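The file model.tsv comes next; it holds TSV, C-alpha atoms and all ligand atoms.
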chain	number	residue	atom	x	y	z
A	1	MET	CA	80.72	31.27	43.12
A	2	LYS	CA	83.64	29.22	44.43
A	3	TYR	CA	84.60	26.04	42.58
A	4	SER	CA	86.65	23.01	43.60
A	5	ASP	CA	90.41	23.17	43.19
A	6	LYS	CA	90.34	20.04	41.08
A	7	ILE	CA	87.98	21.41	38.44
A	8	LEU	CA	89.88	24.68	38.31
A	9	LYS	CA	93.09	22.73	37.73
A	10	THR	CA	91.59	20.53	34.97
A	11	PRO	CA	92.30	22.02	31.55
A	12	SER	CA	89.32	22.40	29.24
A	13	SER	CA	89.90	20.65	25.95
A	14	PHE	CA	92.36	22.63	23.87
A	15	ILE	CA	91.44	20.56	20.83
A	16	ARG	CA	87.76	21.42	21.10
A	17	ASN	CA	88.72	25.10	21.04
A	18	ILE	CA	90.91	24.56	17.99
A	19	LEU	CA	88.19	22.55	16.28
A	20	LYS	CA	85.84	25.49	16.58
A	21	VAL	CA	88.24	27.63	14.55
A	22	ALA	CA	89.06	24.81	12.17
A	23	SER	CA	85.50	23.83	11.39
A	24	ALA	CA	84.80	26.73	8.98
A	25	GLU	CA	83.72	25.31	5.63
A	26	ASP	CA	86.64	26.57	3.61
A	27	VAL	CA	89.29	25.21	6.00
A	28	ILE	CA	91.09	21.96	5.25
A	29	SER	CA	91.23	20.42	8.69
A	30	PHE	CA	93.70	17.80	9.85
A	31	ALA	CA	92.91	18.87	13.41
A	32	GLY	CA	90.04	16.55	14.31
A	33	GLY	CA	90.34	13.02	15.58
A	34	LEU	CA	86.98	11.72	14.48
A	35	PRO	CA	86.44	8.38	12.80
A	36	ASN	CA	85.30	8.67	9.17
A	37	PRO	CA	81.52	8.11	9.01
A	38	ILE	CA	82.24	5.01	6.89
A	39	SER	CA	82.95	3.35	10.22
A	40	PHE	CA	79.29	3.65	11.15
A	41	PRO	CA	77.39	0.64	9.77
A	42	ILE	CA	74.17	2.61	9.64
A	43	ASP	CA	71.98	0.22	7.61
A	44	ALA	CA	72.98	-2.81	9.66
A	45	LEU	CA	72.40	-0.89	12.90
A	46	GLN	CA	68.98	0.25	11.69
A	47	GLU	CA	67.99	-3.33	11.00
A	48	THR	CA	69.44	-4.47	14.34
A	49	ILE	CA	67.56	-1.80	16.28
A	50	ASN	CA	64.24	-2.70	14.64
A	51	LYS	CA	64.70	-6.37	15.45
A	52	ALA	CA	65.99	-5.65	18.96
A	53	MET	CA	62.77	-3.79	19.79
A	54	GLU	CA	60.78	-6.93	18.94
A	55	VAL	CA	63.12	-9.40	20.58
A	56	HIS	CA	64.12	-7.58	23.78
A	57	GLY	CA	61.16	-5.22	24.36
A	58	PRO	CA	61.23	-3.42	27.72
A	59	LYS	CA	64.68	-4.84	28.58
A	60	LEU	CA	66.12	-2.24	26.22
A	61	PHE	CA	64.64	0.55	28.30
A	62	GLN	CA	65.05	-0.70	31.87
A	63	TYR	CA	67.83	-0.11	34.42
A	64	SER	CA	70.54	-2.73	34.22
A	65	THR	CA	73.62	-4.10	35.99
A	66	THR	CA	76.72	-2.00	36.69
A	67	GLU	CA	79.19	-4.47	35.20
A	68	GLY	CA	77.36	-4.54	31.89
A	69	TYR	CA	75.34	-6.82	29.60
A	70	LEU	CA	76.60	-10.35	30.07
A	71	PRO	CA	76.37	-11.53	26.43
A	72	LEU	CA	78.38	-8.45	25.37
A	73	ARG	CA	81.05	-9.19	27.99
A	74	GLN	CA	81.13	-12.81	26.78
A	75	TYR	CA	81.56	-11.60	23.17
A	76	ILE	CA	84.45	-9.34	24.20
A	77	ALA	CA	86.14	-12.09	26.22
A	78	ASP	CA	85.87	-14.53	23.29
A	79	LYS	CA	87.28	-11.96	20.86
A	80	TYR	CA	90.41	-11.28	22.94
A	81	ASN	CA	90.90	-14.95	23.77
A	82	ARG	CA	90.71	-15.84	20.08
A	83	SER	CA	92.90	-12.98	18.83
A	84	TYR	CA	95.49	-12.78	21.59
A	85	GLY	CA	95.43	-16.22	23.23
A	86	LEU	CA	94.29	-14.67	26.53
A	87	THR	CA	92.05	-16.39	29.10
A	88	ILE	CA	89.57	-13.64	29.85
A	89	ASP	CA	86.22	-14.47	31.48
A	90	PRO	CA	83.17	-12.20	31.33
A	91	GLU	CA	83.69	-11.61	35.09
A	92	ASP	CA	86.97	-9.88	34.23
A	93	ILE	CA	85.15	-7.24	32.18
A	94	LEU	CA	83.20	-4.10	33.06
A	95	ILE	CA	81.45	-2.12	30.33
A	96	THR	CA	82.06	1.63	30.55
A	97	THR	CA	80.58	4.75	28.97
A	98	GLY	CA	83.35	4.91	26.37
A	99	SER	CA	86.90	4.08	27.34
A	100	GLN	CA	87.12	7.71	28.41
A	101	GLN	CA	85.05	6.84	31.48
A	102	ALA	CA	87.42	3.98	32.27
A	103	LEU	CA	90.22	6.54	32.57
A	104	VAL	CA	88.26	8.64	35.05
A	105	LEU	CA	87.15	5.60	37.09
A	106	LEU	CA	90.63	4.14	37.30
A	107	SER	CA	92.21	7.36	38.51
A	108	GLU	CA	89.39	7.83	41.03
A	109	VAL	CA	89.99	4.34	42.38
A	110	LEU	CA	93.78	4.53	42.48
A	111	ILE	CA	94.93	8.11	43.00
A	112	ASN	CA	94.99	10.28	46.11
A	113	LYS	CA	95.81	13.94	45.51
A	114	GLY	CA	99.49	14.36	44.64
A	115	GLU	CA	100.21	10.68	43.94
A	116	GLY	CA	102.06	9.74	40.79
A	117	ILE	CA	100.96	8.68	37.32
A	118	ILE	CA	103.40	7.87	34.54
A	119	VAL	CA	102.18	9.09	31.16
A	120	GLU	CA	103.64	8.92	27.70
A	121	GLU	CA	105.25	12.13	26.44
A	122	PRO	CA	103.52	13.17	24.26
A	123	GLY	CA	100.32	11.54	25.54
A	124	TYR	CA	96.59	11.31	24.86
A	125	LEU	CA	95.10	14.65	25.81
A	126	GLY	CA	91.81	13.14	26.99
A	127	ALA	CA	93.67	10.91	29.45
A	128	LEU	CA	95.66	13.84	30.83
A	129	GLN	CA	92.38	15.66	31.29
A	130	ALA	CA	90.61	12.66	32.89
A	131	PHE	CA	93.47	12.01	35.31
A	132	SER	CA	93.74	15.70	36.23
A	133	LEU	CA	90.40	15.43	38.03
A	134	THR	CA	92.16	13.55	40.85
A	135	GLU	CA	94.99	16.13	41.09
A	136	PRO	CA	97.87	13.70	40.56
A	137	THR	CA	101.54	14.40	39.95
A	138	PHE	CA	102.36	13.54	36.34
A	139	TYR	CA	105.65	11.84	35.52
A	140	PRO	CA	106.07	11.96	31.75
A	141	VAL	CA	108.24	9.30	30.12
A	142	GLN	CA	109.41	9.96	26.60
A	143	LEU	CA	107.80	8.13	23.73
A	144	LYS	CA	110.37	7.21	21.10
A	145	ASN	CA	109.87	5.65	17.70
A	146	GLU	CA	110.09	2.13	19.16
A	147	GLY	CA	107.95	2.84	22.24
A	148	LEU	CA	108.56	4.06	25.80
A	149	ASP	CA	112.05	5.06	26.92
A	150	VAL	CA	112.60	2.04	29.17
A	151	GLU	CA	115.57	3.47	31.07
A	152	GLN	CA	113.65	6.60	31.91
A	153	LEU	CA	110.66	4.47	32.90
A	154	GLU	CA	112.76	2.44	35.34
A	155	ARG	CA	114.48	5.50	36.79
A	156	THR	CA	111.15	7.29	37.25
A	157	LEU	CA	109.65	4.29	39.06
A	158	GLU	CA	112.75	3.87	41.22
A	159	GLU	CA	112.82	7.52	42.27
A	160	ASN	CA	109.08	8.06	42.84
A	161	PRO	CA	107.42	5.49	45.10
A	162	SER	CA	104.11	7.42	45.00
A	163	ILE	CA	103.53	6.25	41.43
A	164	LYS	CA	100.34	4.20	41.26
A	165	PHE	CA	99.92	3.52	37.57
A	166	ILE	CA	101.38	3.80	34.11
A	167	TYR	CA	99.20	4.80	31.20
A	168	THR	CA	100.13	3.57	27.72
A	169	VAL	CA	98.58	3.43	24.25
A	170	PRO	CA	100.74	0.72	22.68
A	171	ASN	CA	99.05	0.57	19.25
A	172	PHE	CA	98.92	3.55	16.84
A	173	GLN	CA	99.17	5.93	19.73
A	174	ASN	CA	97.23	9.17	19.95
A	175	PRO	CA	98.78	11.67	19.15
A	176	THR	CA	101.86	10.11	17.46
A	177	GLY	CA	100.63	7.06	15.55
A	178	ILE	CA	103.57	5.14	17.08
A	179	THR	CA	103.29	1.41	17.82
A	180	TYR	CA	105.53	-0.06	20.53
A	181	THR	CA	107.80	-2.76	19.11
A	182	ALA	CA	107.75	-6.33	20.49
A	183	GLU	CA	111.19	-5.75	22.06
A	184	ASN	CA	110.05	-2.55	23.73
A	185	ARG	CA	106.94	-4.29	25.11
A	186	ASN	CA	109.07	-7.05	26.58
A	187	ALA	CA	111.55	-4.61	28.07
A	188	ILE	CA	108.70	-2.68	29.73
A	189	TYR	CA	107.28	-5.94	31.08
A	190	GLU	CA	110.67	-6.90	32.54
A	191	VAL	CA	110.78	-3.59	34.43
A	192	LEU	CA	107.17	-3.56	35.59
A	193	LYS	CA	107.12	-7.09	36.97
A	194	ASN	CA	109.34	-5.82	39.80
A	195	TYR	CA	107.04	-2.96	40.85
A	196	ASP	CA	103.70	-2.79	42.61
A	197	VAL	CA	102.06	-0.55	40.00
A	198	VAL	CA	99.11	-0.91	37.66
A	199	LEU	CA	99.77	-0.94	33.93
A	200	ILE	CA	96.95	0.50	31.81
A	201	GLU	CA	97.05	-0.45	28.13
A	202	ASP	CA	94.48	1.68	26.34
A	203	ASP	CA	93.83	0.17	22.91
A	204	PRO	CA	90.99	1.81	21.00
A	205	TYR	CA	92.85	1.61	17.67
A	206	GLY	CA	94.37	-1.91	17.76
A	207	ASP	CA	91.95	-3.39	15.20
A	208	LEU	CA	92.72	-0.64	12.67
A	209	ARG	CA	96.00	-2.16	11.43
A	210	TRP	CA	96.90	-2.25	7.73
A	211	SER	CA	100.54	-3.17	7.89
A	212	GLY	CA	102.92	-5.05	10.15
A	213	GLU	CA	102.07	-7.83	12.58
A	214	LYS	CA	99.61	-7.69	15.45
A	215	LEU	CA	101.71	-7.78	18.64
A	216	PRO	CA	101.02	-9.27	22.07
A	217	TYR	CA	100.13	-6.77	24.77
A	218	ILE	CA	102.73	-5.61	27.31
A	219	GLY	CA	101.00	-6.80	30.45
A	220	ALA	CA	97.65	-8.38	29.56
A	221	GLY	CA	97.81	-12.09	30.38
A	222	ARG	CA	101.08	-11.86	32.30
A	223	LEU	CA	101.21	-8.91	34.74
A	224	GLU	CA	99.07	-9.29	37.83
A	225	ASN	CA	98.11	-5.62	37.87
A	226	SER	CA	97.35	-5.34	34.19
A	227	VAL	CA	94.38	-3.39	32.89
A	228	LEU	CA	93.37	-3.47	29.25
A	229	LEU	CA	90.95	-0.90	27.87
A	230	GLY	CA	88.98	-1.27	24.67
A	231	SER	CA	86.30	0.63	22.81
A	232	PHE	CA	83.77	0.26	20.00
A	233	SER	CA	84.18	3.95	19.09
A	234	LYS	CA	86.67	3.51	16.27
A	235	THR	CA	85.29	0.26	14.83
A	236	VAL	CA	81.50	0.60	15.09
A	237	THR	CA	80.28	3.93	16.51
A	238	PRO	CA	81.53	6.47	19.06
A	239	GLY	CA	77.97	7.77	19.58
A	240	PHE	CA	76.92	4.64	21.48
A	241	ARG	CA	79.64	5.47	24.05
A	242	LEU	CA	80.73	1.87	24.61
A	243	GLY	CA	84.09	0.96	26.05
A	244	TYR	CA	85.32	-1.63	28.53
A	245	ILE	CA	87.86	-2.44	31.21
A	246	ILE	CA	89.45	-5.88	31.28
A	247	THR	CA	91.44	-6.99	34.31
A	248	LYS	CA	92.06	-10.24	36.17
A	249	ASN	CA	92.56	-8.22	39.36
A	250	LYS	CA	89.21	-8.83	41.08
A	251	GLU	CA	89.80	-6.37	43.91
A	252	LEU	CA	90.58	-3.57	41.46
A	253	LEU	CA	87.51	-4.38	39.38
A	254	TYR	CA	85.36	-4.43	42.52
A	255	HIS	CA	86.46	-0.88	43.37
A	256	VAL	CA	85.98	0.28	39.78
A	257	ASN	CA	82.47	-1.18	39.93
A	258	THR	CA	81.74	0.85	43.09
A	259	ALA	CA	83.04	4.05	41.43
A	260	LYS	CA	80.91	3.29	38.37
A	261	GLN	CA	77.79	2.78	40.53
A	262	ALA	CA	78.36	6.17	42.10
A	263	THR	CA	78.95	7.81	38.72
A	264	ASP	CA	76.15	6.57	36.47
A	265	LEU	CA	74.81	3.22	37.83
A	266	HIS	CA	75.48	1.49	34.52
A	267	THR	CA	76.33	2.02	30.87
A	268	ASN	CA	73.45	2.67	28.44
A	269	ILE	CA	71.74	-0.73	28.13
A	270	PHE	CA	70.03	0.09	24.82
A	271	SER	CA	73.46	0.59	23.18
A	272	GLN	CA	74.91	-2.51	24.81
A	273	ILE	CA	72.16	-4.83	23.61
A	274	VAL	CA	72.02	-3.31	20.13
A	275	ILE	CA	75.77	-3.50	19.61
A	276	HIS	CA	75.82	-7.07	20.84
A	277	ASP	CA	73.07	-8.08	18.40
A	278	TYR	CA	74.91	-6.20	15.64
A	279	LEU	CA	78.20	-7.95	16.43
A	280	VAL	CA	76.78	-11.47	16.43
A	281	ASN	CA	74.76	-10.97	13.25
A	282	ASN	CA	77.28	-9.13	11.08
A	283	ASP	CA	80.80	-9.66	9.79
A	284	LEU	CA	82.79	-7.24	11.94
A	285	ALA	CA	86.09	-8.25	10.33
A	286	ALA	CA	84.75	-7.31	6.87
A	287	HIS	CA	83.47	-4.00	8.22
A	288	ILE	CA	86.83	-3.22	9.85
A	289	ALA	CA	88.62	-4.14	6.61
A	290	LYS	CA	86.60	-1.42	4.84
A	291	ILE	CA	87.71	1.13	7.42
A	292	THR	CA	91.37	0.14	7.34
A	293	ASP	CA	91.46	0.14	3.52
A	294	LEU	CA	90.20	3.69	3.54
A	295	TYR	CA	92.56	4.88	6.30
A	296	GLU	CA	95.53	3.21	4.64
A	297	THR	CA	94.81	5.09	1.40
A	298	GLN	CA	94.46	8.36	3.29
A	299	SER	CA	97.58	7.77	5.38
A	300	ASN	CA	99.59	6.91	2.26
A	301	ALA	CA	98.32	10.05	0.52
A	302	MET	CA	99.42	12.17	3.47
A	303	LEU	CA	102.82	10.52	3.77
A	304	ALA	CA	103.46	10.93	0.03
A	305	ALA	CA	102.42	14.60	0.17
A	306	ILE	CA	104.64	15.25	3.19
A	307	ALA	CA	107.60	13.66	1.40
A	308	LYS	CA	106.89	15.83	-1.63
A	309	TYR	CA	106.05	19.21	-0.06
A	310	PHE	CA	107.69	19.46	3.39
A	311	PRO	CA	111.29	20.63	3.85
A	312	PRO	CA	113.64	17.68	4.39
A	313	THR	CA	114.45	18.92	7.92
A	314	VAL	CA	110.94	17.97	9.04
A	315	THR	CA	110.58	14.44	10.46
A	316	TYR	CA	107.38	12.44	10.87
A	317	THR	CA	106.00	9.09	11.96
A	318	LYS	CA	104.76	6.43	9.53
A	319	PRO	CA	101.77	4.72	11.14
A	320	GLU	CA	100.94	1.05	10.57
A	321	GLY	CA	97.33	1.76	11.52
A	322	GLY	CA	95.13	4.18	13.41
A	323	MET	CA	94.39	7.80	12.64
A	324	PHE	CA	97.40	10.06	13.20
A	325	ILE	CA	100.79	11.25	11.94
A	326	TRP	CA	103.12	13.16	14.28
A	327	VAL	CA	105.34	15.80	12.77
A	328	THR	CA	108.51	17.24	14.31
A	329	LEU	CA	109.65	20.60	12.93
A	330	GLU	CA	113.13	21.99	13.06
A	331	GLU	CA	114.49	22.60	16.56
A	332	GLY	CA	113.34	25.98	17.91
A	333	MET	CA	110.23	26.29	15.74
A	334	SER	CA	106.85	26.80	17.40
A	335	ALA	CA	103.95	24.73	16.10
A	336	LEU	CA	101.52	27.15	17.74
A	337	GLU	CA	102.86	30.02	15.66
A	338	LEU	CA	102.77	27.83	12.58
A	339	PHE	CA	99.12	27.13	13.41
A	340	GLN	CA	98.26	30.86	13.24
A	341	LYS	CA	99.92	31.15	9.84
A	342	ALA	CA	98.28	27.96	8.62
A	343	MET	CA	94.84	29.24	9.61
A	344	ASN	CA	95.42	32.28	7.38
A	345	ASP	CA	95.98	29.81	4.55
A	346	LYS	CA	92.92	27.80	5.60
A	347	VAL	CA	94.58	24.63	6.78
A	348	ALA	CA	94.44	23.32	10.36
A	349	PHE	CA	96.24	20.82	12.58
A	350	VAL	CA	96.74	20.41	16.34
A	351	PRO	CA	99.93	22.00	17.70
A	352	GLY	CA	101.74	19.56	20.03
A	353	ASP	CA	101.44	21.65	23.21
A	354	PRO	CA	98.35	20.09	24.83
A	355	PHE	CA	99.85	16.59	24.57
A	356	TYR	CA	102.60	17.46	27.05
A	357	THR	CA	102.17	17.86	30.80
A	358	ASN	CA	104.91	20.43	31.29
A	359	LYS	CA	106.06	21.89	27.95
A	360	THR	CA	104.84	24.76	25.82
A	361	ASN	CA	105.76	26.21	22.46
A	362	VAL	CA	106.87	22.81	21.23
A	363	ASN	CA	108.01	22.05	17.68
A	364	THR	CA	105.66	19.10	17.19
A	365	LEU	CA	102.15	18.76	15.78
A	366	ARG	CA	99.46	16.17	15.11
A	367	LEU	CA	97.90	15.51	11.72
A	368	ASN	CA	94.69	13.49	11.32
A	369	TYR	CA	94.05	11.98	7.90
A	370	THR	CA	90.81	10.05	8.36
A	371	ASN	CA	88.37	12.73	7.27
A	372	SER	CA	89.73	14.08	3.99
A	373	SER	CA	89.99	12.63	0.49
A	374	PRO	CA	93.49	11.98	-0.91
A	375	GLU	CA	93.09	15.07	-3.16
A	376	VAL	CA	92.20	17.33	-0.24
A	377	ILE	CA	95.02	15.83	1.82
A	378	GLU	CA	97.51	16.65	-0.94
A	379	GLU	CA	96.23	20.24	-1.20
A	380	GLY	CA	96.33	20.80	2.57
A	381	ILE	CA	99.83	19.40	2.96
A	382	LYS	CA	100.99	21.45	-0.03
A	383	ARG	CA	99.75	24.62	1.70
A	384	LEU	CA	101.49	23.65	4.94
A	385	GLY	CA	104.69	22.84	3.07
A	386	LYS	CA	104.63	26.24	1.39
A	387	ILE	CA	104.41	27.98	4.77
A	388	LEU	CA	107.17	25.79	6.18
A	389	TYR	CA	109.47	26.72	3.30
A	390	GLU	CA	108.58	30.41	3.68
A	391	VAL	CA	109.21	30.80	7.39
A	392	THR	CA	112.73	30.89	8.65
A	393	THR	CA	113.57	29.39	12.02
A	394	LYS	CA	114.02	32.94	13.30
A	395	GLU	CA	110.48	34.00	12.46
A	396	LEU	CA	108.94	31.13	14.32
A	397	VAL	CA	111.01	31.23	17.49
B	1	LIG	C1	93.88	6.79	23.20
B	1	LIG	C2	92.42	7.04	23.39
B	1	LIG	N1	91.82	6.54	24.48
B	1	LIG	C3	90.51	6.73	24.69
B	1	LIG	C4	89.74	7.46	23.82
B	1	LIG	C5	88.28	7.68	24.15
B	1	LIG	O1	87.49	6.84	23.40
B	1	LIG	P1	86.00	6.48	23.74
B	1	LIG	O2	85.18	7.00	22.62
B	1	LIG	O3	85.98	4.98	23.84
B	1	LIG	O4	85.64	7.11	25.06
B	1	LIG	C6	90.32	8.01	22.68
B	1	LIG	C7	89.51	8.82	21.75
B	1	LIG	O5	89.94	9.42	20.83
B	1	LIG	C8	91.70	7.80	22.46
B	1	LIG	O6	92.34	8.31	21.40
Now, as a test, write the supplied structure out as structure tokens.
Amino acid sequence: MKYSDKILKTPSSFIRNILKVASAEDVISFAGGLPNPISFPIDALQETINKAMEVHGPKLFQYSTTEGYLPLRQYIADKYNRSYGLTIDPEDILITTGSQQALVLLSEVLINKGEGIIVEEPGYLGALQAFSLTEPTFYPVQLKNEGLDVEQLERTLEENPSIKFIYTVPNFQNPTGITYTAENRNAIYEVLKNYDVVLIEDDPYGDLRWSGEKLPYIGAGRLENSVLLGSFSKTVTPGFRLGYIITKNKELLYHVNTAKQATDLHTNIFSQIVIHDYLVNNDLAAHIAKITDLYETQSNAMLAAIAKYFPPTVTYTKPEGGMFIWVTLEEGMSALELFQKAMNDKVAFVPGDPFYTNKTNVNTLRLNYTNSSPEVIEEGIKRLGKILYEVTTKELV
């Protein structure tokens, strides 16, 4: 059988393969990226579903509109307008099958084979995979502690007129946990306002903040070609597969709507109605506070264990929210080789390699803390630290 070039060029998820190895019962796994089940308000959803059956009847089971359930879009618009002082209307919103689908739709609408996409380096693996389906040319721009390397961003845009969009995760980025500073956001805005490119701000983690101040978006509300993506996966449930695209660019949204029609007609209407009823009848802020309290405790436990057990040459990010810590080993070390050794000691993480578009054998790795207790986190990091002290740079080259 002969397959399309584009599917043959799209990498299958490296993390899923690692998760298979890491899911054995006796392994302490920091490899996953799943929300803790505490973020699923199961009792409240049960009650909502029962009531929704009575109130909405067949509407829950019928075909629906491509742009999504209007009351849900109104709820989303109100939330962003209240929290960020934006002026979003429901017409500016399209509900997607998770924000993952938004990534596929946007690249389908914007990218011809070979055209350019700027991505963060390191960047969200699922986005790299989604964009790969349109066979683009990736232009990675380095992610530093304060955000994107603005000089490199400007140079890359200047030198590559085929670039159609820039993909960013400005809050608690996956995989690094980094949040762009206010200054960095402004500097990016100052560059982008001079270019005819789309800025995608993908923000599934923004509500999961436990320290620092909530910051205004880079482009939302001020760049004409701004696209904001959101998701209920990390705050309510990923299983409902509910995400959304927000943009004031009507032409862009029209084309996304056409691509969505062709893909799946519309997002699951049962989930949309149920989540809307859940959101209006429950205290989402209180629910999110429960999640962030837990993640803060877990993140602190991991940071304290790293400080205690890792060699001082290892550097790492200190997230203000979200689900990940990014670790940089000594120059020349290979996280992939460390992974093999760590598996022998029954502890798992994701080596940095799949988060880069053009690098292998990197010295970086991602740790997820949301699914282990502080005690298990300490034990896992202790094991990793022991290996790190044992191996010399030479052994891991
Ligand atoms: C940065 C980022 N964008 C998008 C997604 C996909 O989320 P969803 O469940 O909304 O499709 C994830 C999931 O982990 C993510 O980390």
Taking only C-alpha atoms and all ligand atoms into account, produce a table as JSON lines in which each residue of chain A with an atom at most 8 Å from an atom of ligand LIG 1 (chain B) appears once, together with its shortest atom pair and the distance in Å to one decimal, ordered by chain and rising number.
{"residue": "A:Gly33", "atom": "CA", "partner": "B:LIG1", "partner_atom": "O5", "distance": 6.4}
{"residue": "A:Leu34", "atom": "CA", "partner": "B:LIG1", "partner_atom": "O5", "distance": 7.4}
{"residue": "A:Thr97", "atom": "CA", "partner": "B:LIG1", "partner_atom": "O4", "distance": 6.8}
{"residue": "A:Gly98", "atom": "CA", "partner": "B:LIG1", "partner_atom": "O4", "distance": 3.4}
{"residue": "A:Ser99", "atom": "CA", "partner": "B:LIG1", "partner_atom": "O3", "distance": 3.7}
{"residue": "A:Gln100", "atom": "CA", "partner": "B:LIG1", "partner_atom": "O4", "distance": 3.7}
{"residue": "A:Gln101", "atom": "CA", "partner": "B:LIG1", "partner_atom": "O4", "distance": 6.5}
{"residue": "A:Leu103", "atom": "CA", "partner": "B:LIG1", "partner_atom": "C3", "distance": 7.9}
{"residue": "A:Tyr124", "atom": "CA", "partner": "B:LIG1", "partner_atom": "C1", "distance": 5.5}
{"residue": "A:Gly126", "atom": "CA", "partner": "B:LIG1", "partner_atom": "C4", "distance": 6.8}
{"residue": "A:Ala127", "atom": "CA", "partner": "B:LIG1", "partner_atom": "N1", "distance": 6.9}
{"residue": "A:Val169", "atom": "CA", "partner": "B:LIG1", "partner_atom": "C1", "distance": 5.9}
{"residue": "A:Gln173", "atom": "CA", "partner": "B:LIG1", "partner_atom": "C1", "distance": 6.4}
{"residue": "A:Asn174", "atom": "CA", "partner": "B:LIG1", "partner_atom": "O6", "distance": 5.2}
{"residue": "A:Pro175", "atom": "CA", "partner": "B:LIG1", "partner_atom": "O6", "distance": 7.6}
{"residue": "A:Asp202", "atom": "CA", "partner": "B:LIG1", "partner_atom": "N1", "distance": 5.8}
{"residue": "A:Asp203", "atom": "CA", "partner": "B:LIG1", "partner_atom": "C1", "distance": 6.6}
{"residue": "A:Pro204", "atom": "CA", "partner": "B:LIG1", "partner_atom": "C2", "distance": 5.9}
{"residue": "A:Tyr205", "atom": "CA", "partner": "B:LIG1", "partner_atom": "C1", "distance": 7.6}
{"residue": "A:Gly230", "atom": "CA", "partner": "B:LIG1", "partner_atom": "O3", "distance": 7.0}
{"residue": "A:Ser231", "atom": "CA", "partner": "B:LIG1", "partner_atom": "O3", "distance": 4.5}
{"residue": "A:Phe232", "atom": "CA", "partner": "B:LIG1", "partner_atom": "O3", "distance": 6.5}
{"residue": "A:Ser233", "atom": "CA", "partner": "B:LIG1", "partner_atom": "O2", "distance": 4.8}
{"residue": "A:Lys234", "atom": "CA", "partner": "B:LIG1", "partner_atom": "O2", "distance": 7.4}
{"residue": "A:Pro238", "atom": "CA", "partner": "B:LIG1", "partner_atom": "O2", "distance": 5.1}
{"residue": "A:Gly239", "atom": "CA", "partner": "B:LIG1", "partner_atom": "O2", "distance": 7.9}
{"residue": "A:Arg241", "atom": "CA", "partner": "B:LIG1", "partner_atom": "O2", "distance": 5.9}
{"residue": "A:Leu242", "atom": "CA", "partner": "B:LIG1", "partner_atom": "O3", "distance": 6.2}
{"residue": "A:Gly243", "atom": "CA", "partner": "B:LIG1", "partner_atom": "O3", "distance": 5.0}
Would you mind listing, for every residue of range 245-308 of chain A within 7 Å of range 357-375 of chain A, the two atoms forming the shortest contact and the distance between them in Å to one decimal, using all atoms listed in the file, sorted by chain and ascending residue number, as a Markdown table?
| residue | atom | partner | partner_atom | distance |
| --- | --- | --- | --- | --- |
| A:Tyr295 | CA | A:Thr370 | CA | 5.8 |
| A:Gln298 | CA | A:Pro374 | CA | 5.6 |
| A:Ser299 | CA | A:Tyr369 | CA | 6.0 |
| A:Ala301 | CA | A:Pro374 | CA | 5.4 |
| A:Met302 | CA | A:Tyr369 | CA | 7.0 |
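With all atoms listed in the file as the basis for measurement, A:Glu108 is the residue among A:Asp89, A:Glu108, A:Glu25, A:Asp5 that approaches Val256 in chain A most closely.
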Problem - Distance of CA of Val347 in chain A from CA of Ile28 in chain A, expressed in Å to one decimal place - result: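 Separation of CA of Ile28 in chain A and CA of Val347 in chain A: 4.7 Å.
The two atoms in question, CA of Glu183 in chain A and CA of Ile117 in chain A, are spaced 23.4 Å apart.
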Problem - Separation of CA of Asp196 in chain A from CA of Val104 in chain A, in Å and rounded to one decimal - result: 20.6 Å
Practice task
List the neighbours of Leu215 in chain A out to 10 Å using only C-alpha atoms; skip same-chain residues closer than 6 positions along the sequence, and give me the result as a PyMOL selection string.
Solution key: chain A and resi 84+170-171+179-182+185+206
Exercise for the section: Would you kindly return, as a count of residues only, each protein, DNA or RNA residue with an atom no farther than 8 Å from any atom of Glu135 in chain A, considering all atoms listed in the file and excluding same-chain residues fewer than 5 positions away? Expected result: 5
